[in-house]
file data.cif (mmCIF, C-alpha atoms)
data_structure
loop_
_atom_site.label_atom_id
_atom_site.label_comp_id
_atom_site.auth_asym_id
_atom_site.auth_seq_id
_atom_site.Cartn_x
_atom_site.Cartn_y
_atom_site.Cartn_z
CA MET A 1367 16.85 -2.57 -2.00
CA GLN A 1368 19.51 -5.24 -2.01
CA LEU A 1369 18.99 -8.76 -0.75
CA ASN A 1370 21.92 -11.00 0.17
CA ILE A 1371 21.12 -14.60 0.99
CA LEU A 1372 23.89 -16.42 2.85
CA ASN A 1373 24.25 -20.01 4.05
CA LYS A 1374 25.69 -20.20 7.56
CA GLY A 1375 25.88 -23.78 8.81
CA ASP A 1376 22.34 -25.13 9.03
CA ALA A 1377 20.89 -21.62 8.76
CA VAL A 1378 20.00 -19.32 5.90
CA VAL A 1379 20.53 -15.63 6.62
CA ALA A 1380 18.65 -13.17 4.42
CA GLU A 1381 20.18 -9.69 4.72
CA LEU A 1382 17.86 -6.90 3.61
CA ASP A 1383 19.79 -3.75 2.79
CA GLY A 1384 17.83 -0.60 1.90
CA GLU A 1385 14.15 0.36 1.95
CA LEU A 1386 11.32 -2.18 1.92
CA ASP A 1387 8.08 -0.79 0.55
CA GLU A 1388 5.38 -1.76 -1.93
CA HIS A 1389 7.70 -0.95 -4.83
CA THR A 1390 10.63 -3.10 -3.66
CA ALA A 1391 8.77 -5.94 -1.92
CA SER A 1392 7.94 -8.05 -4.96
CA GLN A 1393 11.58 -8.72 -5.89
CA VAL A 1394 12.36 -9.55 -2.26
CA ARG A 1395 9.41 -11.96 -2.03
CA GLU A 1396 10.43 -13.70 -5.22
CA ALA A 1397 14.07 -14.17 -4.18
CA LEU A 1398 13.16 -15.35 -0.68
CA ASP A 1399 10.59 -17.85 -1.94
CA LYS A 1400 13.10 -19.27 -4.41
CA ARG A 1401 15.64 -19.87 -1.61
CA ILE A 1402 13.03 -21.26 0.79
CA SER A 1403 11.73 -23.74 -1.78
CA ALA A 1404 15.31 -24.97 -2.42
CA GLY A 1405 15.37 -26.15 1.23
CA GLY A 1406 18.46 -27.61 2.99
CA PHE A 1407 18.28 -25.49 6.16
CA ARG A 1408 16.92 -25.80 9.70
CA ASN A 1409 16.77 -22.12 10.61
CA PHE A 1410 15.88 -19.02 8.61
CA VAL A 1411 17.04 -15.59 9.77
CA PHE A 1412 15.83 -12.25 8.43
CA ASP A 1413 18.76 -9.92 9.11
CA PHE A 1414 17.25 -6.42 9.36
CA SER A 1415 20.38 -4.64 10.63
CA ARG A 1416 20.72 -2.76 7.33
CA LEU A 1417 17.01 -2.30 6.63
CA SER A 1418 16.72 1.49 6.82
CA PHE A 1419 12.97 1.74 6.12
CA MET A 1420 9.96 -0.55 6.22
CA ASP A 1421 6.25 0.15 6.07
CA SER A 1422 3.32 -2.25 6.53
CA THR A 1423 4.22 -3.94 3.26
CA GLY A 1424 7.04 -5.55 5.24
CA ILE A 1425 4.57 -6.99 7.74
CA GLY A 1426 2.61 -8.66 4.94
CA MET A 1427 5.83 -9.93 3.37
CA LEU A 1428 7.00 -11.41 6.68
CA LEU A 1429 3.66 -13.06 7.47
CA GLY A 1430 3.61 -14.63 4.01
CA ARG A 1431 7.13 -16.08 4.44
CA TYR A 1432 6.25 -17.19 7.99
CA LYS A 1433 3.38 -19.33 6.67
CA ILE A 1434 5.66 -21.02 4.12
CA LEU A 1435 8.55 -21.54 6.56
CA LYS A 1436 6.29 -22.85 9.32
CA ARG A 1437 5.10 -25.64 7.03
CA SER A 1438 8.73 -26.67 6.47
CA GLY A 1439 9.34 -26.88 10.23
CA ALA A 1440 12.26 -24.44 10.16
CA GLY A 1441 13.10 -22.05 13.01
CA ILE A 1442 12.34 -18.45 12.04
CA TYR A 1443 14.12 -15.39 13.43
CA ILE A 1444 14.44 -11.64 12.91
CA SER A 1445 17.84 -10.21 13.68
CA SER A 1446 18.88 -6.71 14.77
CA PRO A 1447 16.07 -4.47 13.47
CA ARG A 1448 16.67 -0.71 13.65
CA PRO A 1449 14.42 1.28 16.05
CA GLN A 1450 11.70 2.31 13.56
CA VAL A 1451 11.45 -1.15 12.01
CA ASP A 1452 11.45 -2.65 15.52
CA LYS A 1453 8.59 -0.33 16.50
CA ILE A 1454 6.49 -1.42 13.50
CA LEU A 1455 7.18 -5.12 14.11
CA SER A 1456 6.25 -4.76 17.79
CA LEU A 1457 3.05 -2.88 16.96
CA ALA A 1458 2.01 -5.60 14.52
CA GLY A 1459 2.68 -8.33 17.08
CA ILE A 1460 5.24 -10.04 14.84
CA TYR A 1461 7.45 -10.98 17.80
CA SER A 1462 4.71 -13.21 19.20
CA ILE A 1463 5.33 -15.57 16.28
CA ILE A 1464 8.87 -14.76 15.11
CA GLN A 1465 11.63 -14.48 17.71
CA LYS A 1466 13.95 -11.48 17.73
CA ILE A 1467 17.67 -12.19 18.02
CA ASN A 1468 20.96 -10.33 17.65
CA LEU A 1469 23.44 -11.97 15.32
CA MET B 94 4.11 29.27 7.64
CA ASN B 95 5.30 27.35 4.64
CA LYS B 96 3.21 25.40 2.12
CA LEU B 97 3.87 22.86 -0.62
CA TYR B 98 1.44 21.34 -3.09
CA ILE B 99 2.36 18.26 -5.10
CA LYS B 100 0.54 16.49 -7.90
CA ILE B 101 2.34 13.26 -8.75
CA SER B 102 1.63 10.21 -10.90
CA ALA B 103 0.01 7.40 -8.95
CA ASP B 104 2.94 5.09 -9.57
CA ILE B 105 4.25 3.03 -6.66
CA ALA B 106 7.80 3.75 -7.85
CA ASN B 107 7.19 7.32 -6.56
CA ASP B 108 6.66 6.13 -2.97
CA ALA B 109 10.28 6.63 -1.82
CA PHE B 110 10.47 10.06 -3.49
CA ILE B 111 7.27 11.26 -1.85
CA ARG B 112 8.13 10.16 1.70
CA SER B 113 11.62 11.67 1.39
CA THR B 114 10.18 14.92 0.02
CA VAL B 115 7.73 15.28 2.93
CA ALA B 116 10.55 14.55 5.39
CA ALA B 117 12.75 17.21 3.75
CA PHE B 118 9.89 19.73 3.79
CA CYS B 119 9.50 19.58 7.57
CA VAL B 120 13.22 19.85 8.38
CA GLU B 121 12.75 23.56 9.18
CA LEU B 122 10.83 22.43 12.29
CA ASN B 123 13.97 20.63 13.51
CA PRO B 124 12.35 17.20 13.96
CA THR B 125 14.06 14.30 15.75
CA VAL B 126 15.15 11.24 13.78
CA GLU B 127 12.23 9.33 15.29
CA GLN B 128 9.73 12.00 14.20
CA ILE B 129 11.16 11.93 10.66
CA GLU B 130 10.84 8.13 10.56
CA ASP B 131 7.27 8.29 11.86
CA ILE B 132 6.32 10.80 9.16
CA LYS B 133 7.99 8.81 6.38
CA THR B 134 6.16 5.65 7.46
CA ALA B 135 2.77 7.38 7.63
CA VAL B 136 3.25 9.05 4.22
CA SER B 137 4.34 5.78 2.65
CA GLU B 138 1.21 4.07 3.99
CA ALA B 139 -1.08 6.80 2.70
CA PHE B 140 0.55 7.01 -0.74
CA THR B 141 0.53 3.21 -1.12
CA ASN B 142 -3.18 3.15 -0.26
CA CYS B 143 -3.92 5.70 -3.00
CA VAL B 144 -2.05 3.68 -5.62
CA ILE B 145 -3.03 0.13 -4.59
CA HIS B 146 -6.54 0.60 -3.23
CA GLY B 147 -7.70 3.94 -4.61
CA TYR B 148 -6.58 3.44 -8.20
CA GLU B 149 -5.94 -0.32 -8.08
CA CYS B 150 -2.60 0.34 -9.85
CA LYS B 151 -4.28 1.73 -12.98
CA LYS B 152 -1.97 4.10 -14.87
CA GLY B 153 -2.75 7.70 -15.76
CA ASN B 154 -3.95 8.78 -12.32
CA TYR B 155 -2.59 11.25 -9.79
CA VAL B 156 -2.07 11.56 -6.05
CA TYR B 157 -2.29 15.04 -4.51
CA LEU B 158 -0.35 16.18 -1.45
CA ASP B 159 -1.03 19.43 0.36
CA LEU B 160 1.65 20.11 2.97
CA CYS B 161 1.88 22.87 5.52
CA VAL B 162 4.27 23.65 8.35
CA ASP B 163 3.02 26.18 10.84
CA ASP B 164 3.42 26.79 14.57
CA GLY B 165 5.53 23.69 15.10
CA LYS B 166 3.11 21.40 13.29
CA LEU B 167 3.32 19.52 10.02
CA SER B 168 -0.04 19.01 8.30
CA ILE B 169 -0.32 16.54 5.45
CA ILE B 170 -3.38 16.08 3.26
CA ILE B 171 -3.05 13.18 0.81
CA SER B 172 -5.89 12.55 -1.59
CA ASP B 173 -6.81 10.52 -4.64
CA GLY B 174 -9.72 10.49 -7.06
CA GLY B 175 -10.02 6.73 -6.96
CA LYS B 176 -12.67 4.20 -6.00
CA GLY B 177 -13.08 5.34 -2.41
CA ILE B 178 -13.77 3.26 0.70
CA GLU B 179 -17.22 1.76 1.35
CA ASN B 180 -16.77 1.46 5.10
CA VAL B 181 -14.07 3.72 6.55
CA GLU B 182 -14.61 2.51 10.12
CA LYS B 183 -14.06 -1.10 9.06
CA ALA B 184 -11.02 -0.17 6.93
CA MET B 185 -9.39 1.41 9.97
CA GLU B 186 -9.58 -1.74 12.08
CA PRO B 187 -6.15 -3.34 12.61
CA PHE B 188 -5.46 -6.26 10.26
CA PHE B 189 -8.55 -5.60 8.13
CA THR B 190 -7.77 -5.85 4.43
CA THR B 191 -9.83 -6.19 1.28
CA LYS B 192 -6.90 -7.89 -0.44
CA PRO B 193 -5.72 -10.78 1.82
CA GLU B 194 -4.65 -12.80 -1.22
CA GLU B 195 -1.96 -10.18 -1.94
CA GLU B 196 -0.30 -10.52 1.48
CA ARG B 197 -1.64 -7.15 2.66
CA SER B 198 -1.23 -6.73 6.40
CA GLY B 199 -4.19 -4.42 6.97
CA MET B 200 -2.01 -2.29 9.25
CA GLY B 201 -1.72 0.84 7.11
CA PHE B 202 -4.26 3.05 8.90
CA THR B 203 -3.11 1.69 12.29
CA LEU B 204 0.46 2.81 11.59
CA MET B 205 -0.70 6.21 10.33
CA GLY B 206 -2.83 6.72 13.42
CA THR B 207 -0.08 5.57 15.77
CA PHE B 208 2.79 7.53 14.26
CA MET B 209 0.93 10.81 13.67
CA ASP B 210 -0.72 12.96 16.34
CA GLU B 211 -3.94 13.41 14.39
CA MET B 212 -5.44 11.42 11.53
CA ARG B 213 -8.72 11.66 9.73
CA VAL B 214 -10.05 9.74 6.72
CA ASP B 215 -12.76 11.12 4.44
CA SER B 216 -13.92 8.96 1.59
CA THR B 217 -16.72 8.90 -0.95
CA PRO B 218 -17.22 5.65 -2.87
CA GLY B 219 -16.59 6.27 -6.56
CA LYS B 220 -14.99 9.67 -5.95
CA GLY B 221 -11.90 9.17 -3.85
CA THR B 222 -10.28 9.33 -0.45
CA THR B 223 -8.57 12.08 1.53
CA VAL B 224 -6.33 11.39 4.51
CA THR B 225 -5.46 14.31 6.76
CA MET B 226 -2.61 13.88 9.23
CA VAL B 227 -0.89 16.20 11.70
CA LYS B 228 2.45 15.74 13.46
CA ASN B 229 3.38 18.01 16.34
CA ILE B 230 7.10 18.53 15.94
CA GLY B 231 8.12 21.63 17.85
CA LYS B 232 8.71 25.30 17.35
CA GLU B 233 10.39 26.47 14.18
CA VAL B 234 14.07 27.23 14.41
CA ALA B 235 14.60 31.01 14.19
#
call {"tool": "encode", "arguments": {"input": "data.cif", "output": "structure tokens"}}
result
Amino acid sequence: MQLNILNKGDAVVAELDGELDEHTASQVREALDKRISAGGFRNFVFDFSRLSFMDSTGIGMLLGRYKILKRSGAGIYISSPRPQVDKILSLAGIYSIIQKINL
Amino acid sequence: MNKLYIKISADIANDAFIRSTVAAFCVELNPTVEQIEDIKTAVSEAFTNCVIHGYECKKGNYVYLDLCVDDGKLSIIISDGGKGIENVEKAMEPFFTTKPEEERSGMGFTLMGTFMDEMRVDSTPGKGTTVTMVKNIGKEVA
């Protein structure tokens, strides 16, 4: 799992590349929380276009980041999930709190 | 009919290997990409449960997988000899988790049940848990 965090204008884009499971989630959580706590953005985008696998660990990871980001008042988005990841996010009702976009 | 039995260390680092192995095992049934993804997700959920909940990440334990492809179906039995589940019915409710402080979603059994055609959970507190899942894939390629 590789995580690239990019600054694009007033947004932070976190690109997840690889497989997100219980084994890889802790390093992703840590890196995301570090960037979120640094602040300086109005929108936060999880770019899932290169996320090839995700299980329910990803749901927990997203909900945890959502709680932190919501407190900061930032806009939160998920971009371009692949079909299986999209299916899991839909099933978990994630899109009722985090909007899906296509970058 | 083809069968595979695996005994593997209950180490979460083995999750990716196990789900990929199960996916490779059922290739002879000519599954679609979506079916492969469904199986990998369900296996990952079951294996993670064994390691995180069954054994609570304690080292020196094993997860057992009993796989069978027959008549267009993949059967997967995943079991551990861990702490077991006190209330299986409750554990299978969406969003129920015994570890909310660890950012657990409580969606593991829901995903297994949704992505597989059959799922059954047998658990004995103090002795372990067995999850049996079946995916109807299609007839074997001659």
call {"tool": "interface_residues", "arguments": {"input": "data.cif", "of": "chain B", "to": "chain A", "cutoff": "8 Å", "atoms": "only C-alpha atoms", "output": "JSON, numbers by chain"}}
result
{"B": [105, 106, 108, 127, 130, 131, 134, 137, 138, 141, 196, 197, 198, 199, 200, 201, 204]}
call {"tool": "write_last_selection", "arguments": {"input": "data.cif", "atoms": "C-alpha atoms", "output": "compact mmCIF listing (two decimals), keeping the file's coordinate frame"}}
result
# COMPACT_ATOMS: atom_id res chain seq x y z
CA ILE B 105 4.25 3.03 -6.66
CA ALA B 106 7.80 3.75 -7.85
CA ASP B 108 6.66 6.13 -2.97
CA GLU B 127 12.23 9.33 15.29
CA GLU B 130 10.84 8.13 10.56
CA ASP B 131 7.27 8.29 11.86
CA THR B 134 6.16 5.65 7.46
CA SER B 137 4.34 5.78 2.65
CA GLU B 138 1.21 4.07 3.99
CA THR B 141 0.53 3.21 -1.12
CA GLU B 196 -0.30 -10.52 1.48
CA ARG B 197 -1.64 -7.15 2.66
CA SER B 198 -1.23 -6.73 6.40
CA GLY B 199 -4.19 -4.42 6.97
CA MET B 200 -2.01 -2.29 9.25
CA GLY B 201 -1.72 0.84 7.11
CA LEU B 204 0.46 2.81 11.59
call {"tool": "residues_around", "arguments": {"input": "data.cif", "residues": "A:Tyr1443", "least_positions_apart": "4", "cutoff": "12 Å", "atoms": "all atoms listed in the file", "output": "ChimeraX atom specification"}}
result
/A:1377-1380,1408-1414,1428,1431-1432,1435-1436,1447,1460-1469
call {"tool": "residues_near_point", "arguments": {"input": "data.cif", "point": "(0.8, 21.9, -0.2)", "cutoff": "8 Å", "atoms": "all atoms listed in the file", "output": "list in words"}}
result
Lys96, Leu97, Tyr98, Ile99, Leu158, Asp159, Leu160, Cys161, Ile169 and Ile170 of chain B
call {"tool": "resolve_selection", "arguments": {"input": "data.cif", "expression": "the PyMOL selection byres ((chain B and resi 140) around 9)", "output": "ChimeraX atom specification"}}
result
/B:103,105,107-108,111-112,135-139,141-145,156,171-172
call {"tool": "resolve_selection", "arguments": {"input": "data.cif", "expression": "the PyMOL selection byres ((chain B and resi 212-222) around 7)", "output": "VMD selection string"}}
result
chain B and resid 147 172 to 179 206 209 to 211 223 to 227
call {"tool": "atom_distance", "arguments": {"input": "data.cif", "atom1": "atom CA of A:Leu1398", "atom2": "atom CA of A:Leu1372"}}
result
11.3 Å
call {"tool": "atom_distance", "arguments": {"input": "data.cif", "atom1": "atom CA of B:Val115", "atom2": "atom CA of B:Glu182"}}
result
26.7 Å
call {"tool": "resolve_selection", "arguments": {"input": "data.cif", "expression": "the PyMOL selection byres ((chain B and resi 167) around 7)", "output": "PyMOL selection string"}}
result
chain B and resi 119+161-163+165-166+168-169+227-229
call {"tool": "atom_distance", "arguments": {"input": "data.cif", "atom1": "atom CA of A:Arg1416", "atom2": "atom CA of B:Ala116"}}
result
20.2 Å
call {"tool": "axis_aligned_box", "arguments": {"input": "data.cif", "around": "stretch 206-220 of chain B", "padding_each_side": "5 Å", "output": "AutoDock Vina command-line options"}}
result
--center_x -7.2 --center_y 9.5 --center_z 4.9 --size_x 30.0 --size_y 17.8 --size_z 32.9
call {"tool": "closest_residue", "arguments": {"input": "data.cif", "among": "A:Ser1456, A:Ala1440, A:Gly1375, A:Ile1434", "to": "A:Lys1400", "atoms": "all atoms listed in the file"}}
result
A:Ile1434
call {"tool": "closest_residue", "arguments": {"input": "data.cif", "among": "B:Val181, B:Tyr148, B:Leu122, B:Tyr157", "to": "B:Lys100", "atoms": "only C-alpha atoms"}}
result
B:Tyr157
call {"tool": "closest_residue", "arguments": {"input": "data.cif", "among": "A:Ser1438, A:Asn1370, A:Ser1415, A:Ser1446", "to": "A:Ser1403", "atoms": "only C-alpha atoms"}}
result
A:Ser1438
call {"tool": "closest_residue", "arguments": {"input": "data.cif", "among": "A:Leu1417, A:Leu1369, A:Glu1381, A:Lys1374", "to": "A:Ala1397", "atoms": "all atoms listed in the file"}}
result
A:Leu1369
